[in-house]
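These notes concern the structure reproduced below.
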Amino acid sequence: MTVVTDVADMQALARRRVPKMFYDYADTGSWTQSTYRENEAALQRQKLRQRVACNIDNRSVKTTMIGEDVSMPIALAPVGLTGMQHADGEILAAQAAEEFGVPFTLSTMSVCSIEDVAENTKTPFWFQLYVMRDRGFSENLMHRATDAGCSALVLTLDLQVLGQRHKDLKNGLSTPPKPKPHVLLDLAFKPRWCWNMMQTKRRQFGNIHGHVSGVDDMTSLAEWTNSQFDPTLDWSSVEWVKSHWKRKLILKGINDVEDAKIAADVGADAIVVSNHGGRQLDGALASYDVLQDIVDAVGDKIEVHFDGGIRSGQDVFKAVAMGAKSTYIGRAFIYGLGAMGKQGVAKVLQIMHKELDVTMGLCGETDINKVGRHNLVL
């Protein structure tokens, strides 16, 4: 059996165990994928200051995100189709996050619904919202999230139009997969995934199916979904969301200083520096390359979180040292889920906690809340 020592090991397992179209969906960027690759490369370029002869006993990586206690500065990012990486994937990932003491964020485009996750967890989770053309549906989503006890809404701002992802087009991505010859051949080599998927009834977009008039089969669901991303989304839309959501609000998709300044003035609780994992504007700057300027511009006005390219606890340390209050992982936990289900997500969190703790110690620090740019080679 493979000894799993890092997220890359989980990625290799997931590649073998998850059907190609769903593995590629998570592990891809838009167009040439240059921004996707650069997100990781920017973090790898950052060097750390190694310190010695420091008392590093009694280390702690505990902190807070929007006032909520977390066991380390990591939240599970919203990822669409998580339930196609592994049967009931959103439920399993939420349970693993709950047990580890970090937030889980459910995507609008999830397979398991808001209600599914709420019924199978005890700790309030976060919900990510795409504002649709059908504002009534978006409003209903927020009411459902409130009823489910979600403690924060993560409003994604960088998907007014879907970035072109070539692998998804070539694979014919669909939920559930269409019975085409190349798909059936691929599934034949994924018996574990097929067996698990046969045990669940959750195989569609759970937050949409049954909640939209006239959407009653997979064809109408796909057509409705593809037509609903709203190109008119602007800052006034944020005000509209605030009028319907009375709990903590996080704005995700900020990758420019000017946008960060506007976001800091609209009354949100946090922003997420993010380029959607390189899945939207190919050629955009890596998230880490804009983090310092954004923190300097608005870090005293609003909580700044970071997303993009994190594959280790050391990456988390670098983002926090640069000024982020906390971070999000998407692909990293998805690899764990695809490889080993709930156990895999828990293993990824354990690995990243260990890497973060060791890195912090070797940099001469004992409290994650005191880590800063003095720990970086700038």
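Ligands are numbered from 1 in the order shown, chains are lettered A, B, ... in the order of the structure tokens, and residues start at 1 in each chain.
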Worksheet item: region 89-92 of chain A: which residues within 7 Å, counting only C-alpha atoms, same-chain residues fewer than 3 positions away excluded, as a PyMOL selection string?
Response: chain A and resi 82-86+95-96+112+117+120+337+341-342
Fill in: DSSP-assigned strand (DSSP E or B) among region 18-118 of chain A, expressed as a ChimeraX atom specification
/A:47-48,60,63-65,68-70,74-76,104-106
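Distance annotation: of A:Lys246, A:Lys261, A:Lys190, A:Arg165, the residue with the minimal separation from Val295 (chain A) is A:Lys261; atom set is only C-alpha atoms.
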Discussion item. Env of Val70 (chain A): 9 Å cut, atoms = only C-alpha atoms, seq-sep filter 6 positions within chain, self excluded. Answer as a list in words.
Written reply: Val61, Lys62, Thr63, Thr64, Phe100, Gly101, Val102 and Pro103 of chain A
Worksheet item: Contacts of region 365-368 of chain A at 6 Å or less, counting only C-alpha atoms, minus same-chain residues fewer than 2 places along, as a VMD selection string?
Response: chain A and resid 56 59 to 61 360 to 361 363 370 to 371
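Coordinates place CA of Val131 (chain A) at a distance of 8.2 Å from CA of Ser237 (chain A).
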Item to complete: Would you please give, as a VMD selection string, all residues of region 133-242 of chain A that DSSP assigns to helix (DSSP H, G or I) based on the backbone?
Response: chain A and resid 135 to 147 166 to 171 181 to 188 191 to 198 218 to 228 235 to 242
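For region 66-68 of chain A, the residues within 10 Å (counting only C-alpha atoms, excluding itself and residues fewer than 6 positions away along the chain) are Val102, Pro103, Ser151, Ala152, Lys248, Leu249, Ile250, Asp269, Ala270, Ile302, Glu303, Val304, His305, Lys325 and Ser326 of chain A.
CA of Asp307 (chain A) lies 22.9 Å from CA of Lys242 (chain A).
CA of Gly323 (chain A) is positioned 22.7 Å from CA of Ile351 (chain A).
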Item to complete: Go through A:Lys318, A:Leu129, A:Ala324, A:Lys354 one by one, measure the shortest atom-to-atom distance of each to Leu48 (chain A) using only C-alpha atoms, and give the residue with the smallest value.
Response: A:Lys318
Excluding Gly163 (chain A) and any residue of its chain fewer than 2 positions from it, enumerate the residues within 7 Å of it, using only C-alpha atoms, and give them as a CSV table (one decimal) with N, CA and C atoms, in the first residue's frame.
chain,number,residue,atom,x,y,z
A,30,SER,N,-8.3,27.3,-16.9
A,30,SER,CA,-8.9,27.7,-18.1
A,30,SER,C,-7.8,27.9,-19.2
A,161,VAL,N,-19.3,35.1,-16.1
A,161,VAL,CA,-19.3,34.3,-17.3
A,161,VAL,C,-18.3,33.1,-17.0
A,165,ARG,N,-12.8,26.0,-20.1
A,165,ARG,CA,-11.9,24.9,-19.6
A,165,ARG,C,-11.8,23.8,-20.6
A,279,ARG,N,-9.1,29.1,-12.9
A,279,ARG,CA,-10.2,28.5,-13.7
A,279,ARG,C,-11.0,29.6,-14.5
A,280,GLN,N,-10.7,30.8,-14.3
A,280,GLN,CA,-11.5,31.9,-14.9
A,280,GLN,C,-10.6,32.7,-15.9
A,281,LEU,N,-9.9,33.7,-15.5
A,281,LEU,CA,-9.1,34.5,-16.4
A,281,LEU,C,-7.7,34.0,-16.5
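Residue nearest Met352 (chain A), chosen from A:Lys122, A:Met72, A:Gln160, A:Ala42 and counting only C-alpha atoms: A:Met72.
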